[in-house]
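J.: File my_file14.cif below, mmCIF, C-alpha atoms:
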data_query
#
loop_
_atom_site.label_atom_id
_atom_site.label_comp_id
_atom_site.auth_asym_id
_atom_site.auth_seq_id
_atom_site.Cartn_x
_atom_site.Cartn_y
_atom_site.Cartn_z
CA MET F 712 -19.88 -16.33 4.20
CA ILE F 713 -17.74 -17.84 1.44
CA ARG F 714 -18.46 -21.56 0.97
CA THR F 715 -16.46 -22.13 -2.23
CA ILE F 716 -13.41 -20.47 -3.80
CA LEU F 717 -13.48 -20.88 -7.57
CA THR F 718 -10.79 -20.03 -10.11
CA HIS F 719 -9.99 -20.95 -13.69
CA PRO F 720 -8.69 -24.33 -14.89
CA GLY F 721 -5.49 -24.87 -16.88
CA GLY F 722 -2.23 -23.10 -16.13
CA ALA F 723 -1.99 -21.51 -12.70
CA HIS F 724 -0.61 -18.05 -12.03
CA LYS F 725 0.69 -16.39 -8.92
CA ASP F 726 -2.09 -13.80 -8.65
CA GLU F 727 -5.08 -16.17 -8.42
CA LEU F 728 -3.12 -18.63 -6.30
CA LEU F 729 -2.27 -15.90 -3.75
CA ALA F 730 -5.83 -14.58 -3.85
CA ALA F 731 -7.03 -18.12 -3.12
CA CYS F 732 -4.51 -18.36 -0.26
CA VAL F 733 -5.92 -15.22 1.35
CA LEU F 734 -9.52 -16.35 1.02
CA ALA F 735 -8.66 -19.86 2.24
CA ALA F 736 -7.15 -18.29 5.36
CA ARG F 737 -10.27 -16.16 5.86
CA SER F 738 -12.94 -18.75 5.09
CA GLY F 739 -11.53 -22.29 5.15
CA ALA F 740 -13.56 -22.97 2.00
CA PRO F 741 -12.49 -25.56 -0.60
CA ILE F 742 -10.89 -24.34 -3.84
CA VAL F 743 -12.38 -25.46 -7.17
CA ARG F 744 -10.66 -24.94 -10.54
CA ARG F 745 -13.14 -24.73 -13.44
CA GLU F 746 -15.24 -22.18 -15.32
CA PRO F 747 -17.98 -20.60 -13.19
CA THR F 748 -21.68 -20.85 -13.99
CA GLU F 749 -23.91 -17.78 -14.14
CA ALA F 750 -25.57 -18.95 -10.94
CA GLU F 751 -22.19 -19.09 -9.20
CA LEU F 752 -21.31 -15.60 -10.40
CA ASP F 753 -24.56 -14.36 -8.86
CA ASP F 754 -23.97 -16.24 -5.60
CA PRO F 755 -21.93 -14.26 -3.02
CA THR F 756 -21.07 -17.47 -1.16
CA VAL F 757 -18.93 -18.46 -4.17
CA ALA F 758 -15.78 -16.34 -4.52
CA VAL F 759 -14.78 -16.28 -8.20
CA LEU F 760 -11.14 -15.38 -8.83
CA ASP F 761 -9.45 -14.34 -12.08
CA VAL F 762 -12.26 -15.67 -14.28
CA GLY F 763 -15.88 -14.86 -15.13
CA GLY F 764 -15.44 -11.38 -16.60
CA ARG F 765 -16.86 -9.57 -13.57
CA HIS F 766 -15.46 -7.38 -10.84
CA GLU F 767 -18.27 -7.26 -8.29
CA PRO F 768 -16.82 -7.27 -4.78
CA GLU F 769 -20.27 -7.29 -3.22
CA ARG F 770 -20.80 -10.70 -4.88
CA ASN F 771 -17.19 -11.84 -4.30
CA ASN F 772 -16.36 -11.77 -8.02
CA PHE F 773 -12.75 -10.70 -8.61
CA ASP F 774 -11.75 -10.72 -12.28
CA HIS F 775 -9.67 -8.03 -13.97
CA HIS F 776 -9.38 -9.35 -17.52
CA HIS F 777 -12.19 -7.16 -18.83
CA PHE F 778 -10.49 -3.95 -17.67
CA PRO F 779 -9.33 -1.65 -20.51
CA ARG F 780 -5.71 -1.71 -21.65
CA GLU F 781 -4.94 1.65 -20.05
CA HIS F 782 -6.19 0.52 -16.62
CA PRO F 783 -3.47 0.60 -13.94
CA PRO F 784 -1.75 -2.79 -13.50
CA THR F 785 -4.10 -4.98 -11.48
CA CYS F 786 -4.48 -8.66 -10.67
CA ALA F 787 -6.90 -10.91 -8.82
CA LEU F 788 -4.95 -10.55 -5.59
CA SER F 789 -5.12 -6.74 -5.85
CA LEU F 790 -8.91 -6.91 -6.08
CA VAL F 791 -9.25 -9.24 -3.10
CA LEU F 792 -6.93 -7.14 -0.93
CA GLU F 793 -8.80 -3.98 -1.95
CA HIS F 794 -12.11 -5.60 -0.96
CA LEU F 795 -10.65 -6.52 2.44
CA GLY F 796 -9.35 -2.97 2.99
CA LEU F 797 -5.72 -4.13 2.91
CA TYR F 798 -4.53 -3.03 -0.51
CA GLU F 799 -2.88 0.29 0.43
CA ASP F 800 -0.96 -1.33 3.26
CA ALA F 801 0.12 -4.18 0.98
CA ARG F 802 1.34 -1.77 -1.70
CA ALA F 803 3.24 0.24 0.91
CA HIS F 804 4.91 -2.66 2.71
CA CYS F 805 5.04 -5.63 0.26
CA ASP F 806 7.65 -4.88 -2.41
CA TRP F 807 6.65 -7.95 -4.41
CA LEU F 808 3.03 -6.85 -5.01
CA GLU F 809 3.50 -4.23 -7.72
CA PRO F 810 5.80 -6.45 -9.84
CA ALA F 811 3.24 -9.27 -9.46
CA GLU F 812 0.49 -6.94 -10.71
CA ARG F 813 2.56 -5.83 -13.67
CA PHE F 814 3.67 -9.36 -14.54
CA ASP F 815 0.08 -10.60 -14.64
CA SER F 816 -1.40 -7.66 -16.52
CA ARG F 817 1.52 -6.57 -18.72
CA GLY F 818 3.63 -9.71 -19.14
CA PRO F 819 7.28 -10.50 -18.36
CA THR F 820 8.93 -8.35 -21.04
CA ARG F 821 7.20 -5.11 -20.05
CA THR F 822 7.66 -5.92 -16.38
CA ALA F 823 11.40 -6.34 -16.94
CA GLU F 824 11.49 -3.00 -18.78
CA TRP F 825 9.66 -1.34 -15.88
CA LEU F 826 12.11 -2.86 -13.39
CA GLY F 827 15.06 -1.82 -15.56
CA VAL F 828 16.46 -5.36 -15.81
CA PRO F 829 17.04 -7.78 -18.71
CA ARG F 830 14.07 -9.97 -19.66
CA ARG F 831 15.99 -13.05 -18.53
CA ALA F 832 16.24 -11.67 -14.99
CA ILE F 833 12.54 -12.42 -14.50
CA SER F 834 13.09 -16.17 -14.98
CA GLN F 835 16.40 -16.05 -13.09
CA LEU F 836 14.47 -14.95 -10.01
CA ASN F 837 12.03 -17.85 -10.19
CA SER F 838 12.14 -20.12 -7.16
CA PRO F 839 11.59 -23.90 -7.22
CA ILE F 840 9.09 -23.24 -4.43
CA ASP F 841 7.02 -21.06 -6.78
CA VAL F 842 7.33 -23.50 -9.66
CA THR F 843 6.26 -26.54 -7.64
CA LEU F 844 3.39 -24.80 -5.87
CA LEU F 845 1.95 -23.44 -9.12
CA ARG F 846 2.46 -26.74 -10.95
CA ARG F 847 0.78 -28.82 -8.25
CA PHE F 848 -2.09 -26.32 -8.01
CA ALA F 849 -2.56 -26.43 -11.80
CA GLN F 850 -2.85 -30.22 -11.71
CA ARG F 851 -5.84 -30.18 -9.37
CA ASP F 852 -9.54 -29.77 -10.07
CA GLU F 853 -10.25 -29.26 -6.37
CA VAL F 854 -8.14 -28.60 -3.29
CA SER F 855 -9.83 -29.31 0.03
CA PRO F 856 -9.08 -28.38 3.66
CA GLY F 857 -6.85 -30.94 5.35
CA GLU F 858 -4.87 -31.73 2.22
CA PRO F 859 -1.18 -30.76 2.32
CA LEU F 860 -1.47 -28.37 -0.62
CA TYR F 861 -4.48 -26.61 0.88
CA GLU F 862 -2.88 -26.26 4.29
CA PHE F 863 0.31 -24.85 2.77
CA MET F 864 -1.77 -22.32 0.85
CA ARG F 865 -3.66 -21.47 4.02
CA TYR F 866 -0.33 -20.83 5.79
CA ILE F 867 0.66 -18.39 3.04
CA GLY F 868 -2.64 -16.53 3.37
CA GLU F 869 -2.47 -16.48 7.16
CA ASP F 870 1.08 -15.13 7.19
CA LEU F 871 0.24 -12.37 4.70
CA LEU F 872 -2.87 -11.33 6.63
CA GLU F 873 -0.97 -11.43 9.92
CA PHE F 874 1.83 -9.28 8.50
CA LEU F 875 -0.66 -6.69 7.26
CA ARG F 876 -2.46 -6.78 10.61
CA VAL F 877 0.61 -6.06 12.72
CA VAL F 878 2.43 -3.62 10.43
CA HIS F 879 0.43 -0.69 11.82
CA GLU F 880 1.18 -1.77 15.38
CA ARG F 881 4.89 -1.97 14.61
CA VAL F 882 4.96 1.43 12.91
CA ALA F 883 3.08 3.01 15.83
CA HIS F 884 5.51 1.45 18.31
CA VAL F 885 8.53 2.78 16.43
CA ALA F 886 6.97 6.23 16.05
CA ALA F 887 6.55 6.43 19.84
CA ASN F 888 10.13 5.32 20.59
CA VAL F 889 12.27 6.69 17.78
CA GLU F 890 14.87 9.41 17.42
CA ARG F 891 16.20 10.91 14.21
CA TRP F 892 19.89 11.70 14.25
CA GLU F 893 21.49 14.20 11.90
CA LEU F 894 25.19 13.40 11.55
CA THR F 895 27.66 15.68 9.79
CA GLN F 896 31.09 15.17 8.30
CA ALA F 897 32.80 18.13 6.66
CA ASP F 898 30.01 19.60 4.52
CA ALA F 899 28.03 16.36 4.24
CA ARG F 900 24.95 15.34 6.21
CA LEU F 901 23.63 11.88 7.00
CA THR F 902 20.33 10.90 8.69
CA ALA F 903 19.99 7.89 10.99
CA VAL F 904 16.92 6.51 12.75
CA PHE F 905 17.43 5.16 16.29
CA LEU F 906 14.87 2.88 17.96
CA ARG F 907 15.14 2.83 21.74
CA ARG F 908 14.99 -0.50 23.55
CA THR F 909 11.64 -1.17 25.18
CA ASP F 910 10.15 -3.96 27.28
CA PRO F 911 8.62 -5.85 25.63
CA LEU F 912 10.73 -5.54 22.50
CA VAL F 913 8.88 -4.98 19.25
CA ASP F 914 8.84 -8.01 16.93
CA GLU F 915 11.51 -7.94 14.21
CA PRO F 916 13.00 -4.57 15.23
CA SER F 917 14.94 -3.95 12.02
CA ASN F 918 11.90 -4.62 9.83
CA ALA F 919 9.74 -2.48 12.11
CA VAL F 920 12.13 0.45 11.66
CA LYS F 921 12.13 -0.03 7.87
CA ALA F 922 8.33 -0.06 7.86
CA TYR F 923 8.36 3.19 9.86
CA VAL F 924 10.75 4.81 7.39
CA ARG F 925 8.41 3.94 4.53
CA ALA F 926 5.27 5.00 6.37
CA GLU F 927 6.86 8.39 7.10
CA GLY F 928 8.06 8.86 3.52
CA LEU F 929 11.73 8.99 4.56
CA GLU F 930 13.14 6.53 2.01
CA GLN F 931 15.18 9.23 0.27
CA THR F 932 16.38 10.74 3.56
CA VAL F 933 17.45 7.95 5.92
CA ALA F 934 20.88 6.37 5.44
CA ALA F 935 21.22 4.24 8.60
CA ILE F 936 18.95 2.44 11.04
CA VAL F 937 19.83 1.56 14.64
CA TYR F 938 17.66 -1.01 16.41
CA PRO F 939 17.76 -3.21 19.54
CA ASP F 940 19.53 -6.55 19.06
CA ARG F 941 17.15 -9.41 19.84
CA ARG F 942 20.09 -11.64 20.85
CA GLY F 943 21.68 -9.34 23.39
CA ASP F 944 21.56 -6.03 25.20
CA GLY F 945 23.25 -4.08 22.43
CA TYR F 946 22.15 -2.82 19.04
CA GLY F 947 22.26 -3.63 15.39
CA ILE F 948 23.30 -0.90 12.98
CA GLY F 949 22.56 -1.19 9.29
CA ARG F 950 22.53 0.88 6.17
CA TYR F 951 19.08 1.63 4.82
CA GLU F 952 18.50 0.45 1.24
CA GLU F 953 22.21 -0.17 0.68
CA HIS F 954 23.27 3.43 1.21
CA PRO F 955 26.56 3.66 -0.73
CA GLU F 956 28.48 5.76 1.81
CA LEU F 957 28.20 3.35 4.74
CA ASP F 958 30.46 0.31 5.16
CA PHE F 959 30.18 -1.33 8.57
CA SER F 960 33.05 -3.71 7.86
CA ARG F 961 35.18 -0.67 8.66
CA VAL F 962 34.26 -1.02 12.37
CA GLU F 963 34.85 -4.76 12.78
CA SER F 964 38.01 -4.19 14.84
CA GLU F 965 36.26 -1.97 17.38
CA PRO F 966 36.27 -3.68 20.81
CA ASP F 967 32.51 -3.36 21.31
CA VAL F 968 31.61 -4.66 17.83
CA HIS F 969 31.16 -8.43 17.99
CA PHE F 970 29.97 -8.90 14.41
CA ALA F 971 30.38 -6.92 11.21
CA HIS F 972 29.19 -8.39 7.93
CA LYS F 973 32.00 -8.65 5.39
CA SER F 974 29.84 -6.97 2.76
CA GLY F 975 29.49 -3.99 5.11
CA PHE F 976 25.72 -3.71 5.24
CA MET F 977 25.38 -4.11 9.01
CA CYS F 978 27.11 -4.73 12.34
CA LYS F 979 26.18 -5.78 15.88
CA THR F 980 27.56 -4.02 18.93
CA SER F 981 27.30 -4.40 22.69
CA ALA F 982 27.21 -0.61 22.95
CA SER F 983 23.96 0.98 24.07
CA ASP F 984 25.01 4.58 24.64
CA PRO F 985 23.60 6.78 21.83
CA ASP F 986 26.82 8.78 21.59
CA ARG F 987 28.84 5.61 21.02
CA LEU F 988 26.35 4.34 18.44
CA ARG F 989 26.67 7.62 16.57
CA GLN F 990 30.47 7.27 16.69
CA LEU F 991 30.26 3.84 15.03
CA ILE F 992 28.11 5.23 12.23
CA GLN F 993 30.62 8.03 11.74
CA ALA F 994 33.45 5.50 11.59
CA ALA F 995 31.58 3.47 8.94
CA TRP F 996 30.90 6.58 6.85
CA ARG F 997 33.08 6.63 3.76
CA ARG F 998 33.88 10.12 2.55
#
Take the structure from the file and write it as structure tokens.

T.:
Amino acid sequence: MIRTILTHPGGAHKDELLAACVLAARSGAPIVRREPTEAELDDPTVAVLDVGGRHEPERNNFDHHHFPREHPPTCALSLVLEHLGLYEDARAHCDWLEPAERFDSRGPTRTAEWLGVPRRAISQLNSPIDVTLLRRFAQRDEVSPGEPLYEFMRYIGEDLLEFLRVVHERVAHVAANVERWELTQADARLTAVFLRRTDPLVDEPSNAVKAYVRAEGLEQTVAAIVYPDRRGDGYGIGRYEEHPELDFSRVESEPDVHFAHKSGFMCKTSASDPDRLRQLIQAAWRR
């Protein structure tokens, strides 16, 4: 049982803060920000994050700073998720994790190069939510259960753990109720994934279908996803990963389309017949 979560003092970073969020959600233990003692490093009831020079999961020590330069990008959160058996799922379904690992272990300039964006883009994507949470965390020597900051951090950890818990259930549900459609136009081919409506309806149908596409390794194959509309009896149709040949604003005048986003990335229709849904995808297909 973890009785204390300990991380380094001074400036706070996203990796140890998120690692603390996860362990706060799991244990409800207070968070202390100072250098650990040798006794604490040897004590498995004290989880030591991002400090201490040891990676010993059996003792709940999670520091990566002593890893060699050529070690794959890793951060304190990576080590905690790996210890909990959640790392592979997080890497597969949380797009933000790998950039966070690279930012912490390689710095902003090399992370920007890896992403293929200007260095300034890293700071342009900063959120005031991130800035305030990190700043307030850095100002504290201890954060205890019941305090607003602690409870907000616990929410973050709970939501991440819950997402990783249900992602397998969602993928399994989609796999049992999905069809793959191969559409053709002249000499071109386009693949769509269609999720049948079930009772009860899977949570967040569009995200469930996207998780299925990733789990099946279809990211380079699928162009469109079709999923039950949570607000009605019809379906939503969207392009997967901004496929350039689909523009659903082209179907906004169709009588059974009650919403088509002006940017063309998705539409909502009252239609439920698979043949009609395929027709709408064909009509949105720019060739």

J.: Measuring between all atoms listed in the file, which one of F:Phe778, F:Trp825, F:Tyr861, F:Phe814 shows the shortest distance to Val733 (chain F)?

T.: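 Closest candidate: F:Tyr861.
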
J.: Would you mind telling me which residue in F:Ala935, F:Val882, F:Leu792, F:Val762 lies nearest to Arg737 (chain F) when using only C-alpha atoms?

T.: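 Checking each of F:Ala935, F:Val882, F:Leu792, F:Val762 against Arg737 (chain F), counting only C-alpha atoms, the winner is F:Leu792.
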
J.: Within 12 Å of (-5.6, -28.2, -5.5) (file coordinates; only C-alpha atoms), which protein or nucleic acid residues are there? I'd like them as a PyMOL selection string.

T.: chain F and resi 716-721+723+728+731-732+735+741-745+844-865

J.: Using all atoms listed in the file, pick whichever of F:Arg908, F:Ala982, F:Lys921, F:His724 has the shortest atom-to-atom distance to Thr843 (chain F).

T.: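 For Thr843 (chain F), the nearest of the candidates is F:His724.
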
J.: So that I can see what lies close to region 892-899 of chain F, please list as a list in words the residues with an atom at most 12 Å from it, counting all atoms listed in the file and leaving out residues fewer than 6 positions away in the same chain.

T.: Phe905, Leu906, Thr932, Val933, Ala934, Ala935, Ile936, Val937, Glu956, Pro985, Asp986, Leu988, Arg989, Gln990, Leu991, Ile992, Gln993, Ala994, Ala995, Trp996, Arg997 and Arg998 of chain F

J.: List as an MDAnalysis selection string the protein and nucleic acid residues near Pro939 (chain F), meaning an atom at most 12 Å away when only C-alpha atoms are counted, but skip any in the same chain fewer than 2 places from it.

T.: chainID F and resid 885 888:889 904:920 936:937 941:949 978:985 988

J.: What does the distance from CA of Glu952 (chain F) to CA of Ala811 (chain F) come to in Å, to one decimal?

T.: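 These two atoms are separated by 21.0 Å.
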
J.: What's the 9 Å shell around Leu875 (chain F), counting only C-alpha atoms, without same-chain residues fewer than 6 positions away, as a list of chain:residue names?

T.: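 The filter keeps F:Leu797, F:Asp800, F:Ala801, F:His804.
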
J.: Just to confirm, what's the straight-line distance from CA of Phe970 (chain F) to CA of Arg891 (chain F) in Å (one decimal)?

T.: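 So the answer is 24.1 Å.
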
J.: Using CA of Val877 (chain F) and CA of Glu812 (chain F) as the two end points, give the distance in Å to one decimal.

T.: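 Taking CA of Val877 (chain F) as the start and CA of Glu812 (chain F) as the end point, the length is 23.4 Å.
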
J.: So, with all atoms listed in the file as the atoms that count, which of F:Ala750, F:Cys805, F:Ala832, F:Ala730 lies closest to Cys786 (chain F)?

T.: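 Once distances to Cys786 (chain F) are computed over all atoms listed in the file, the minimum belongs to F:Ala730.
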
J.: Selection in question (the file shown): the PyMOL selection byres ((chain F and resi 790) around 10). Which residues does it include, as a list in words?

T.: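 Residues picked by the PyMOL selection byres ((chain F and resi 790) around 10): Ala730, Leu760, Asp761, His766, Glu767, Pro768, Asn771, Asn772, Phe773, Asp774, His775, Thr785, Cys786, Ala787, Leu788, Ser789, Val791, Leu792, Glu793, His794, Leu795, Gly796, Leu797 and Tyr798 of chain F.
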
J.: Between F:Pro810, F:Arg900, F:Asp841, F:Pro784, single out the one closest to Gly827 (chain F), counting only C-alpha atoms.

T.: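 The answer is F:Pro810, which sits nearest to Gly827 (chain F).
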
J.: For the file shown, report as a PDB file with C-alpha atoms, in the coordinates of the input the outcome of the PyMOL selection byres ((chain F and resi 752) around 10) at residue level.

T.:
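Output (result_10.pdb):
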ATOM      1  CA  LEU F 717     -13.480 -20.880  -7.570  1.00  0.00           C
ATOM      2  CA  PRO F 747     -17.980 -20.600 -13.190  1.00  0.00           C
ATOM      3  CA  THR F 748     -21.680 -20.850 -13.990  1.00  0.00           C
ATOM      4  CA  GLU F 749     -23.910 -17.780 -14.140  1.00  0.00           C
ATOM      5  CA  ALA F 750     -25.570 -18.950 -10.940  1.00  0.00           C
ATOM      6  CA  GLU F 751     -22.190 -19.090  -9.200  1.00  0.00           C
ATOM      7  CA  ASP F 753     -24.560 -14.360  -8.860  1.00  0.00           C
ATOM      8  CA  ASP F 754     -23.970 -16.240  -5.600  1.00  0.00           C
ATOM      9  CA  PRO F 755     -21.930 -14.260  -3.020  1.00  0.00           C
ATOM     10  CA  THR F 756     -21.070 -17.470  -1.160  1.00  0.00           C
ATOM     11  CA  VAL F 757     -18.930 -18.460  -4.170  1.00  0.00           C
ATOM     12  CA  ALA F 758     -15.780 -16.340  -4.520  1.00  0.00           C
ATOM     13  CA  VAL F 759     -14.780 -16.280  -8.200  1.00  0.00           C
ATOM     14  CA  VAL F 762     -12.260 -15.670 -14.280  1.00  0.00           C
ATOM     15  CA  GLY F 763     -15.880 -14.860 -15.130  1.00  0.00           C
ATOM     16  CA  GLY F 764     -15.440 -11.380 -16.600  1.00  0.00           C
ATOM     17  CA  ARG F 765     -16.860  -9.570 -13.570  1.00  0.00           C
ATOM     18  CA  GLU F 767     -18.270  -7.260  -8.290  1.00  0.00           C
ATOM     19  CA  ARG F 770     -20.800 -10.700  -4.880  1.00  0.00           C
ATOM     20  CA  ASN F 771     -17.190 -11.840  -4.300  1.00  0.00           C
ATOM     21  CA  ASN F 772     -16.360 -11.770  -8.020  1.00  0.00           C
TER      22      ASN F 772
END

J.: In the coordinates of the file, take the point (14.5, -12.3, -11.3) and a cut-off of 12 Å; then, counting all atoms listed in the file, name each qualifying protein, DNA or RNA residue as a list in words.

T.: Trp807, Pro810, Ala811, Phe814, Pro819, Thr820, Thr822, Ala823, Leu826, Gly827, Val828, Pro829, Arg830, Arg831, Ala832, Ile833, Ser834, Gln835, Leu836, Asn837 and Ser838 of chain F
